[in-house]
Structures are given as structure tokens and as C-alpha cells.
file data-v7.cif (mmCIF, C-alpha atoms)
data_upload
#
loop_
_atom_site.label_atom_id
_atom_site.label_comp_id
_atom_site.auth_asym_id
_atom_site.auth_seq_id
_atom_site.Cartn_x
_atom_site.Cartn_y
_atom_site.Cartn_z
CA MET G 121 0.15 8.03 8.33
CA LYS G 122 1.08 6.15 5.17
CA PHE G 123 -0.29 2.60 4.90
CA ALA G 124 0.58 -0.30 2.63
CA ILE G 125 -2.01 -3.08 2.50
CA LEU G 126 -1.50 -6.72 1.51
CA VAL G 127 -4.56 -8.81 0.60
CA ASN G 128 -3.83 -12.54 0.89
CA GLU G 129 -7.26 -14.00 0.15
CA GLY G 130 -9.82 -14.11 -2.63
CA PRO G 131 -13.10 -12.21 -2.52
CA PHE G 132 -16.32 -13.84 -1.24
CA ASN G 133 -14.42 -16.90 -0.04
CA HIS G 134 -12.83 -15.12 2.90
CA GLN G 135 -13.46 -12.07 5.06
CA ALA G 136 -9.92 -10.73 4.44
CA ALA G 137 -10.87 -8.95 1.20
CA ASP G 138 -13.78 -7.18 2.93
CA THR G 139 -11.80 -6.19 6.01
CA ALA G 140 -8.90 -4.91 3.90
CA TYR G 141 -11.30 -2.78 1.88
CA GLN G 142 -13.04 -1.43 4.98
CA PHE G 143 -9.68 -0.63 6.54
CA ALA G 144 -8.50 1.18 3.41
CA ARG G 145 -11.70 3.20 3.17
CA ALA G 146 -11.61 4.13 6.87
CA ALA G 147 -7.95 5.14 6.63
CA VAL G 148 -8.62 7.41 3.66
CA ALA G 149 -11.70 8.88 5.41
CA ARG G 150 -9.53 9.78 8.41
CA GLY G 151 -7.06 11.61 6.22
CA HIS G 152 -4.41 8.89 6.06
CA GLU G 153 -2.75 7.85 2.85
CA VAL G 154 -3.03 4.35 1.40
CA LEU G 155 0.11 4.10 -0.72
CA ARG G 156 -0.78 0.79 -2.29
CA VAL G 157 -3.05 -2.22 -1.93
CA PHE G 158 -1.15 -5.28 -3.11
CA PHE G 159 -3.02 -8.44 -4.09
CA TYR G 160 -1.18 -11.73 -3.68
CA TYR G 161 -2.02 -15.46 -3.46
CA ASP G 162 -5.76 -15.89 -4.21
CA GLY G 163 -6.07 -12.18 -3.41
CA VAL G 164 -5.46 -11.58 -7.14
CA HIS G 165 -9.07 -12.66 -7.79
CA ASN G 166 -10.18 -9.36 -6.22
CA ALA G 167 -9.18 -7.78 -9.55
CA HIS G 168 -11.23 -9.97 -11.90
CA ARG G 169 -13.68 -7.82 -13.84
CA ALA G 170 -15.92 -10.78 -14.74
CA SER G 171 -16.94 -11.12 -11.11
CA ALA G 172 -20.73 -10.72 -11.02
CA PRO G 173 -22.21 -11.23 -7.56
CA GLN G 174 -25.97 -11.19 -6.99
CA ALA G 175 -27.55 -7.75 -6.84
CA ASP G 176 -28.22 -7.84 -3.07
CA GLU G 177 -24.57 -8.63 -2.30
CA ARG G 178 -21.66 -6.23 -2.00
CA ASN G 179 -19.67 -6.01 -5.22
CA ILE G 180 -16.12 -6.43 -4.01
CA VAL G 181 -14.37 -5.82 -7.35
CA VAL G 182 -16.41 -2.71 -8.22
CA ARG G 183 -15.88 -1.39 -4.70
CA TRP G 184 -12.10 -1.58 -5.11
CA SER G 185 -12.30 0.13 -8.52
CA LYS G 186 -14.28 3.00 -6.97
CA LEU G 187 -11.71 3.38 -4.21
CA ALA G 188 -9.03 3.76 -6.89
CA GLU G 189 -11.13 6.17 -8.93
CA GLN G 190 -12.24 8.38 -6.03
CA HIS G 191 -9.11 8.40 -3.91
CA GLY G 192 -6.33 7.49 -6.31
CA VAL G 193 -5.45 4.32 -4.37
CA ASP G 194 -2.94 2.17 -6.26
CA LEU G 195 -4.35 -1.36 -6.72
CA ALA G 196 -1.42 -3.62 -7.59
CA VAL G 197 -1.86 -7.25 -8.63
CA CYS G 198 1.10 -9.64 -8.52
CA VAL G 199 1.97 -10.79 -12.04
CA ALA G 200 3.24 -14.26 -11.06
CA ALA G 201 0.34 -15.06 -8.72
CA GLY G 202 -2.04 -13.65 -11.35
CA LEU G 203 -0.64 -15.73 -14.22
CA ARG G 204 -1.09 -18.95 -12.22
CA ARG G 205 -4.76 -18.07 -11.72
CA GLY G 206 -5.61 -16.52 -15.08
CA VAL G 207 -5.76 -12.98 -13.71
CA THR G 208 -3.96 -11.06 -16.41
CA GLU G 209 -4.01 -7.63 -18.03
CA ALA G 210 -6.89 -8.81 -20.25
CA VAL G 211 -9.32 -9.47 -17.37
CA ILE G 212 -8.59 -6.89 -14.70
CA ALA G 213 -11.16 -4.29 -13.62
CA PRO G 214 -10.57 -0.51 -13.88
CA GLY G 215 -8.12 0.91 -11.37
CA PHE G 216 -6.11 -2.31 -11.03
CA ARG G 217 -2.72 -2.85 -12.61
CA ILE G 218 -0.51 -5.91 -12.99
CA THR G 219 2.95 -5.56 -11.51
CA GLY G 220 5.78 -7.43 -9.80
CA LEU G 221 6.20 -8.54 -6.19
CA GLY G 222 8.92 -5.92 -5.85
CA GLN G 223 6.14 -3.35 -5.59
CA LEU G 224 5.00 -4.98 -2.35
CA ILE G 225 8.50 -4.73 -0.85
CA GLU G 226 8.80 -1.17 -2.11
CA ALA G 227 5.45 -0.27 -0.47
CA GLY G 228 6.70 -1.82 2.79
CA ILE G 229 9.79 0.39 2.62
CA ASP G 230 7.84 3.57 1.85
CA ALA G 231 4.88 3.09 4.21
CA ASP G 232 4.77 3.81 7.93
CA ARG G 233 2.71 0.66 8.51
CA THR G 234 2.15 -2.45 6.42
CA MET G 235 -1.11 -4.25 7.13
CA VAL G 236 -1.61 -7.90 6.12
CA PHE G 237 -5.14 -9.27 5.70
CA GLY G 238 -5.52 -13.04 5.67
CA ASP G 239 -5.30 -15.95 8.10
CA MET J 74 14.00 1.29 13.99
CA ASN J 75 14.70 1.78 10.33
CA GLU J 76 17.82 3.63 9.38
CA GLN J 77 18.29 6.32 6.80
CA ASN J 78 21.40 5.46 4.81
CA SER J 79 23.94 8.08 3.75
CA ASP J 80 22.69 7.86 0.15
CA GLY J 81 19.15 8.70 1.27
CA THR J 82 17.78 5.17 0.88
CA VAL J 83 16.12 3.41 3.80
CA THR J 84 16.95 -0.02 5.17
CA LYS J 85 14.09 -1.61 7.06
CA ARG J 86 13.88 -4.74 9.14
CA PHE J 87 11.61 -7.12 7.19
CA MET J 88 10.35 -10.40 8.58
CA ILE J 89 8.66 -12.93 6.37
CA VAL J 90 6.74 -15.41 8.47
CA ASN J 91 5.90 -18.93 7.31
CA ARG J 92 3.05 -20.52 9.23
CA LYS J 93 1.67 -23.08 6.80
CA ALA J 94 2.75 -26.60 5.79
CA PRO J 95 4.71 -26.81 2.49
CA HIS J 96 1.90 -28.52 0.60
CA GLY J 97 -1.85 -28.61 0.93
CA THR J 98 -2.03 -24.89 0.15
CA VAL J 99 0.07 -22.69 -2.13
CA TYR J 100 1.18 -20.29 0.60
CA ALA J 101 4.63 -21.77 1.27
CA LEU J 102 5.63 -21.65 -2.41
CA GLU J 103 4.41 -18.10 -2.91
CA VAL J 104 5.96 -16.88 0.36
CA LEU J 105 9.26 -18.25 -0.89
CA GLU J 106 8.90 -16.18 -4.07
CA MET J 107 8.35 -13.18 -1.78
CA VAL J 108 11.55 -13.95 0.15
CA LEU J 109 13.58 -14.16 -3.08
CA ILE J 110 12.24 -10.82 -4.31
CA SER J 111 12.79 -9.10 -0.96
CA ALA J 112 16.45 -10.13 -1.12
CA MET J 113 16.87 -7.89 -4.19
CA PHE J 114 15.96 -4.71 -2.30
CA ASP J 115 18.95 -4.40 0.06
CA GLN J 116 16.75 -4.70 3.11
CA ASP J 117 17.48 -6.43 6.42
CA VAL J 118 15.52 -9.62 5.68
CA HIS J 119 14.58 -12.17 8.34
CA VAL J 120 12.68 -15.36 7.60
CA ALA J 121 10.76 -17.12 10.36
CA PHE J 122 9.15 -20.56 10.49
CA LEU J 123 6.55 -21.34 13.11
CA ASP J 124 3.41 -23.41 13.63
CA ASP J 125 2.99 -25.83 10.66
CA GLY J 126 5.48 -23.64 8.76
CA VAL J 127 8.31 -25.66 10.32
CA TRP J 128 7.33 -28.60 8.07
CA GLN J 129 8.57 -26.57 5.09
CA LEU J 130 12.13 -27.21 6.24
CA ARG J 131 11.68 -30.95 6.85
CA ARG J 132 14.44 -32.97 5.23
CA GLY J 133 13.44 -35.81 2.89
CA GLN J 134 10.24 -34.46 1.37
CA VAL J 135 8.99 -36.25 -1.76
CA PRO J 136 6.46 -33.77 -3.16
CA ALA J 137 6.68 -35.42 -6.60
CA ALA J 138 4.26 -37.97 -5.15
CA LEU J 139 1.71 -35.12 -5.09
CA GLU J 140 2.78 -33.81 -8.50
CA MET J 141 4.22 -30.83 -6.66
CA LYS J 142 7.50 -29.03 -7.23
CA ASP J 143 10.22 -29.69 -4.64
CA PHE J 144 10.97 -26.14 -3.60
CA SER J 145 12.53 -27.22 -0.28
CA LYS J 146 15.87 -27.13 -2.15
CA THR J 147 15.46 -23.38 -2.54
CA TYR J 148 15.75 -22.81 1.23
CA ARG J 149 19.31 -24.05 0.97
CA ALA J 150 20.00 -21.46 -1.73
CA LEU J 151 18.71 -18.52 0.31
CA GLU J 152 22.14 -17.78 1.74
CA GLY J 153 23.38 -17.18 -1.80
CA TYR J 154 20.74 -14.48 -2.10
CA GLY J 155 22.04 -12.82 1.07
CA VAL J 156 19.22 -14.19 3.21
CA ASP J 157 20.91 -15.86 6.16
CA LYS J 158 18.75 -14.82 9.11
CA ILE J 159 16.50 -17.83 9.35
CA TYR J 160 14.66 -18.46 12.61
CA VAL J 161 12.65 -21.48 13.66
CA GLU J 162 10.45 -21.56 16.74
CA ARG J 163 11.52 -24.28 19.19
CA GLU J 164 8.03 -25.01 20.53
CA SER J 165 6.67 -25.48 17.00
CA LEU J 166 9.35 -28.12 16.32
CA THR J 167 8.79 -29.88 19.65
CA GLU J 168 5.01 -29.94 19.30
CA ARG J 169 5.47 -31.77 15.98
CA GLY J 170 8.21 -34.14 17.11
CA LEU J 171 10.80 -32.51 14.88
CA LEU J 172 14.46 -31.94 15.69
CA GLU J 173 16.86 -29.34 14.36
CA LYS J 174 18.83 -32.10 12.61
CA ASN J 175 15.70 -32.95 10.56
CA LEU J 176 15.86 -29.59 8.80
CA VAL J 177 17.25 -28.96 5.29
CA VAL J 178 19.16 -25.83 6.17
CA PRO J 179 21.08 -24.40 9.16
CA VAL J 180 18.76 -22.20 11.21
CA GLU J 181 18.65 -20.40 14.50
CA VAL J 182 16.20 -22.16 16.80
CA ILE J 183 14.64 -19.75 19.28
CA GLY J 184 11.89 -19.97 21.89
CA ARG J 185 8.41 -18.60 21.40
CA ALA J 186 9.00 -15.61 23.71
CA ASP J 187 12.19 -14.68 21.83
CA MET J 188 10.36 -15.04 18.51
CA ALA J 189 7.72 -12.62 19.78
CA ARG J 190 10.41 -10.13 20.82
CA LEU J 191 12.21 -10.46 17.50
CA MET J 192 8.94 -9.90 15.61
CA ASP J 193 8.15 -6.88 17.75
CA GLY J 194 11.42 -5.27 16.64
CA MET J 195 10.59 -5.52 12.93
CA ASP J 196 9.44 -2.65 10.71
CA VAL J 197 7.51 -4.84 8.27
CA VAL J 198 6.08 -8.31 8.95
CA LEU J 199 4.68 -10.18 5.96
CA THR J 200 2.94 -13.41 6.75
CA ALA J 201 0.96 -16.31 5.35
#
call {"tool": "encode", "arguments": {"input": "data-v7.cif", "output": "C-alpha cells"}}
result
Amino acid sequence: MKFAILVNEGPFNHQAADTAYQFARAAVARGHEVLRVFFYYDGVHNAHRASAPQADERNIVVRWSKLAEQHGVDLAVCVAAGLRRGVTEAVIAPGFRITGLGQLIEAGIDADRTMVFGD
Amino acid sequence: MNEQNSDGTVTKRFMIVNRKAPHGTVYALEVLEMVLISAMFDQDVHVAFLDDGVWQLRRGQVPAALEMKDFSKTYRALEGYGVDKIYVERESLTERGLLEKNLVVPVEVIGRADMARLMDGMDVVLTA
């Protein structure tokens, strides 16, 4: 099955970023395809490479980057939501890219299921 | 549910669900940006307002008092973007003492059970 994933919330502040990641990883492990993870609202903060959690905590940003590197998952950050919050090309971690909201709609069209993580 | 068009493209039933008040959080504004973009993709777009989301359509908002942009005007422009399937949940209005005539734009008011059925028939539901 082909999945599109929308992350509505920032990392650390809300469980949504963790659950979305765990879902994506489980889907890939079961042989499904994650077409795109799209980061919107405060979800764009998931892409910030300056994020430096304490060593005994999960590193949400690095974890996403590894998912992109190991499984080729497309990590798409909304340009408009990113600009509002200072998440731009200059500060994004490896594996992320800045793009338009149209890429979320496009993923919804191409995927078999679109999963939204947030409240 | 989704149909393959003769030119090979696919038209899906999208529903964009508004559940939050217009101000207090940024969700309503950014959902609206999502609605406007979705209208450019020739999809079958539905917009739903329920829970505190119904406040987004309240006539007579003065968000300038909060130094916020008045984007409630944009709901009236949606039809011009080809988005005319706007649904509001009756129970959500009633629970908040709102009437259909208090809203900034013509909508279809439907009951909670019908909203659930409508949502169930969608291919993609995007919510905040």
C-alpha cells in the first residue's frame, strides 16, 4: 500500500511527530511505500537541523533524516508554514526539502491512504 | 470511490475539516491556505466545519483587536475558486448557540450522523 503522511505538530511538544515517525517506519518495515511525509503547521519544526535534544532523549530530527537516507522517504516541508517559523532552506536537516502545499494534495491523490497526525 | 478520468488523471474526493476556532491557534488560517491550494488541483473538494471550527464562519468578527488578519472574508471567495461544497455540522452550531444566519457564507447545514457518512465516503480527509 502507498501511504502519504501529514505531520501537524512540532517535535517534543506533541506526540504526533513521534507517532507519525513510528507509523512511517513500521509501514516501510512491512513492505509498504511511504510516498511522502509532509510537514505543516508547527510540524515544520521537525526539519530544523539545530535541534539538539539531550543525549538520553530520542533525536526526532536525526531520526527523520535517517528514514530518508535509508529508505528514500521524501520529507517535504511546507514553504509558507516554514517561512512564518524561520524554517527555511538554510536550516533544514539532511533529507528534508522545502516545497509547496501542492505537494501535499498531490501525495493525497497518488497515495492509497493519507494519514494525518495531530489533534 | 475515486474515478480515473479519460485523460488518465484521477479525481479524488477530498474533505478538509476545520475543527478549531479562527483565532487562538494558527490552524484555521493555515487550513484555509490548504483549501485554496487544493482548489488548483481539479479535485472534488469538500470543506467541513465542526466543533469549534464553526466559529470560523461567524459573521462580524473583529480580529484586528487581536492584531490578527481578518481571513473570514476569504470564505466568501471560495466559490470563485470552485469550492462550493461547504458543510457545517448542525449540532456544533446548536451547542454554541449559533444560527445559520450568523454565518458569513451560504453553507449546507447537516446533522452529525450525515457528516459522519459524508466523511466516510471521502478518499482523503485532511484535518486540523
call {"tool": "atom_distance", "arguments": {"input": "data-v7.cif", "atom1": "CA of Ala201 (chain G)", "atom2": "CA of Glu129 (chain G)"}}
result
11.7 Å
call {"tool": "residues_around", "arguments": {"input": "data-v7.cif", "residues": "Gly151 (chain G)", "least_positions_apart": "4", "cutoff": "12 Å", "atoms": "only C-alpha atoms", "output": "PyMOL selection string"}}
result
chain G and resi 121-123+144-147+191
call {"tool": "atom_distance", "arguments": {"input": "data-v7.cif", "atom1": "CA of Met188 (chain J)", "atom2": "CA of Phe122 (chain J)"}}
result
9.8 Å
call {"tool": "resolve_selection", "arguments": {"input": "data-v7.cif", "expression": "the PyMOL selection byres ((chain G and resi 205-214) around 8)", "output": "JSON, numbers by chain"}}
result
{"G": [162, 164, 165, 167, 168, 169, 170, 181, 182, 185, 199, 201, 202, 203, 204, 215, 216, 217, 218]}
call {"tool": "atom_distance", "arguments": {"input": "data-v7.cif", "atom1": "CA of Val197 (chain G)", "atom2": "CA of Phe158 (chain G)"}}
result
5.9 Å
call {"tool": "interface_residues", "arguments": {"input": "data-v7.cif", "of": "chain J", "to": "chain G", "cutoff": "12 Å", "atoms": "only C-alpha atoms", "output": "PyMOL selection string"}}
result
chain J and resi 74-77+82-93+98-118+195-201
call {"tool": "residues_around", "arguments": {"input": "data-v7.cif", "residues": "Arg132 (chain J)", "least_positions_apart": "6", "cutoff": "9 Å", "atoms": "only C-alpha atoms", "output": "PyMOL selection string"}}
result
chain J and resi 145+174-178
call {"tool": "residues_near_point", "arguments": {"input": "data-v7.cif", "point": "(5.4, -26.0, 12.7)", "cutoff": "9 Å", "atoms": "only C-alpha atoms", "output": "CSV table (one decimal) with C-alpha atoms, in the frame of the given file"}}
result
chain,number,residue,atom,x,y,z
J,91,ASN,CA,5.9,-18.9,7.3
J,92,ARG,CA,3.0,-20.5,9.2
J,93,LYS,CA,1.7,-23.1,6.8
J,94,ALA,CA,2.8,-26.6,5.8
J,122,PHE,CA,9.2,-20.6,10.5
J,123,LEU,CA,6.6,-21.3,13.1
J,124,ASP,CA,3.4,-23.4,13.6
J,125,ASP,CA,3.0,-25.8,10.7
J,126,GLY,CA,5.5,-23.6,8.8
J,127,VAL,CA,8.3,-25.7,10.3
J,128,TRP,CA,7.3,-28.6,8.1
J,129,GLN,CA,8.6,-26.6,5.1
J,161,VAL,CA,12.6,-21.5,13.7
J,162,GLU,CA,10.4,-21.6,16.7
J,164,GLU,CA,8.0,-25.0,20.5
J,165,SER,CA,6.7,-25.5,17.0
J,166,LEU,CA,9.4,-28.1,16.3
J,167,THR,CA,8.8,-29.9,19.6
J,168,GLU,CA,5.0,-29.9,19.3
J,169,ARG,CA,5.5,-31.8,16.0
J,171,LEU,CA,10.8,-32.5,14.9
call {"tool": "closest_residue", "arguments": {"input": "data-v7.cif", "among": "J:Asp187, J:Arg163, J:Asp193, J:Pro95", "to": "Phe144 (chain J)", "atoms": "only C-alpha atoms"}}
result
J:Pro95
call {"tool": "closest_residue", "arguments": {"input": "data-v7.cif", "among": "G:Val154, G:Asn166, G:Asn133, G:Ala149", "to": "Trp184 (chain G)", "atoms": "only C-alpha atoms"}}
result
G:Asn166
call {"tool": "closest_residue", "arguments": {"input": "data-v7.cif", "among": "G:Pro173, G:Gly163, G:Thr219, G:Val148", "to": "Ala188 (chain G)", "atoms": "all atoms listed in the file"}}
result
G:Val148
call {"tool": "closest_residue", "arguments": {"input": "data-v7.cif", "among": "G:Ala175, G:Ala136, G:Val127, G:Ile180", "to": "Ala196 (chain G)", "atoms": "all atoms listed in the file"}}
result
G:Val127
call {"tool": "closest_residue", "arguments": {"input": "data-v7.cif", "among": "G:Phe132, G:Ala124, G:Arg156, G:Cys198", "to": "Glu177 (chain G)", "atoms": "all atoms listed in the file"}}
result
G:Phe132
call {"tool": "build_atoms", "arguments": {"input": "data-v7.cif", "residues": "region 101-125 of chain J", "atoms": "N, CA and C atoms", "output": "mmCIF file, in the coordinates of the input"}}
result
data_model
loop_
_atom_site.group_PDB
_atom_site.id
_atom_site.type_symbol
_atom_site.label_atom_id
_atom_site.label_comp_id
_atom_site.auth_asym_id
_atom_site.auth_seq_id
_atom_site.Cartn_x
_atom_site.Cartn_y
_atom_site.Cartn_z
ATOM 1 N N ALA J 101 3.190 -21.608 1.061
ATOM 2 C CA ALA J 101 4.630 -21.770 1.270
ATOM 3 C C ALA J 101 5.420 -21.418 0.006
ATOM 4 N N LEU J 102 4.949 -21.913 -1.138
ATOM 5 C CA LEU J 102 5.630 -21.650 -2.410
ATOM 6 C C LEU J 102 5.631 -20.156 -2.730
ATOM 7 N N GLU J 103 4.489 -19.519 -2.541
ATOM 8 C CA GLU J 103 4.410 -18.100 -2.910
ATOM 9 C C GLU J 103 5.105 -17.192 -1.888
ATOM 10 N N VAL J 104 5.168 -17.639 -0.632
ATOM 11 C CA VAL J 104 5.960 -16.880 0.360
ATOM 12 C C VAL J 104 7.437 -16.928 -0.041
ATOM 13 N N LEU J 105 7.865 -18.103 -0.498
ATOM 14 C CA LEU J 105 9.260 -18.250 -0.890
ATOM 15 C C LEU J 105 9.612 -17.301 -2.045
ATOM 16 N N GLU J 106 8.685 -17.135 -2.963
ATOM 17 C CA GLU J 106 8.900 -16.180 -4.070
ATOM 18 C C GLU J 106 9.038 -14.764 -3.503
ATOM 19 N N MET J 107 8.284 -14.486 -2.441
ATOM 20 C CA MET J 107 8.350 -13.180 -1.780
ATOM 21 C C MET J 107 9.722 -12.972 -1.120
ATOM 22 N N VAL J 108 10.234 -14.029 -0.509
ATOM 23 C CA VAL J 108 11.550 -13.950 0.150
ATOM 24 C C VAL J 108 12.628 -13.639 -0.897
ATOM 25 N N LEU J 109 12.558 -14.343 -2.028
ATOM 26 C CA LEU J 109 13.580 -14.160 -3.080
ATOM 27 C C LEU J 109 13.550 -12.737 -3.623
ATOM 28 N N ILE J 110 12.354 -12.197 -3.807
ATOM 29 C CA ILE J 110 12.240 -10.820 -4.310
ATOM 30 C C ILE J 110 12.748 -9.826 -3.272
ATOM 31 N N SER J 111 12.388 -10.059 -2.013
ATOM 32 C CA SER J 111 12.790 -9.100 -0.960
ATOM 33 C C SER J 111 14.306 -9.011 -0.863
ATOM 34 N N ALA J 112 14.980 -10.114 -1.197
ATOM 35 C CA ALA J 112 16.450 -10.130 -1.120
ATOM 36 C C ALA J 112 17.074 -9.161 -2.128
ATOM 37 N N MET J 113 16.311 -8.773 -3.150
ATOM 38 C CA MET J 113 16.870 -7.890 -4.190
ATOM 39 C C MET J 113 16.786 -6.414 -3.809
ATOM 40 N N PHE J 114 16.198 -6.105 -2.653
ATOM 41 C CA PHE J 114 15.960 -4.710 -2.300
ATOM 42 C C PHE J 114 16.892 -4.149 -1.228
ATOM 43 N N ASP J 115 17.982 -4.857 -0.941
ATOM 44 C CA ASP J 115 18.950 -4.400 0.060
ATOM 45 C C ASP J 115 18.308 -4.060 1.390
ATOM 46 N N GLN J 116 17.373 -4.892 1.810
ATOM 47 C CA GLN J 116 16.750 -4.700 3.110
ATOM 48 C C GLN J 116 17.301 -5.732 4.096
ATOM 49 N N ASP J 117 17.020 -5.512 5.377
ATOM 50 C CA ASP J 117 17.480 -6.430 6.420
ATOM 51 C C ASP J 117 16.413 -7.526 6.571
ATOM 52 N N VAL J 118 16.582 -8.605 5.801
ATOM 53 C CA VAL J 118 15.520 -9.620 5.680
ATOM 54 C C VAL J 118 15.703 -10.758 6.692
ATOM 55 N N HIS J 119 14.631 -11.044 7.403
ATOM 56 C CA HIS J 119 14.580 -12.170 8.340
ATOM 57 C C HIS J 119 13.466 -13.104 7.868
ATOM 58 N N VAL J 120 13.716 -14.400 7.971
ATOM 59 C CA VAL J 120 12.680 -15.360 7.600
ATOM 60 C C VAL J 120 12.394 -16.224 8.830
ATOM 61 N N ALA J 121 11.128 -16.350 9.174
ATOM 62 C CA ALA J 121 10.760 -17.120 10.360
ATOM 63 C C ALA J 121 9.827 -18.271 9.988
ATOM 64 N N PHE J 122 10.007 -19.390 10.696
ATOM 65 C CA PHE J 122 9.150 -20.560 10.490
ATOM 66 C C PHE J 122 8.533 -20.917 11.834
ATOM 67 N N LEU J 123 7.224 -20.935 11.885
ATOM 68 C CA LEU J 123 6.550 -21.340 13.110
ATOM 69 C C LEU J 123 5.237 -22.025 12.784
ATOM 70 N N ASP J 124 4.616 -22.585 13.814
ATOM 71 C CA ASP J 124 3.410 -23.410 13.630
ATOM 72 C C ASP J 124 3.713 -24.484 12.559
ATOM 73 N N ASP J 125 2.755 -24.800 11.685
ATOM 74 C CA ASP J 125 2.990 -25.830 10.660
ATOM 75 C C ASP J 125 4.047 -25.397 9.635
#
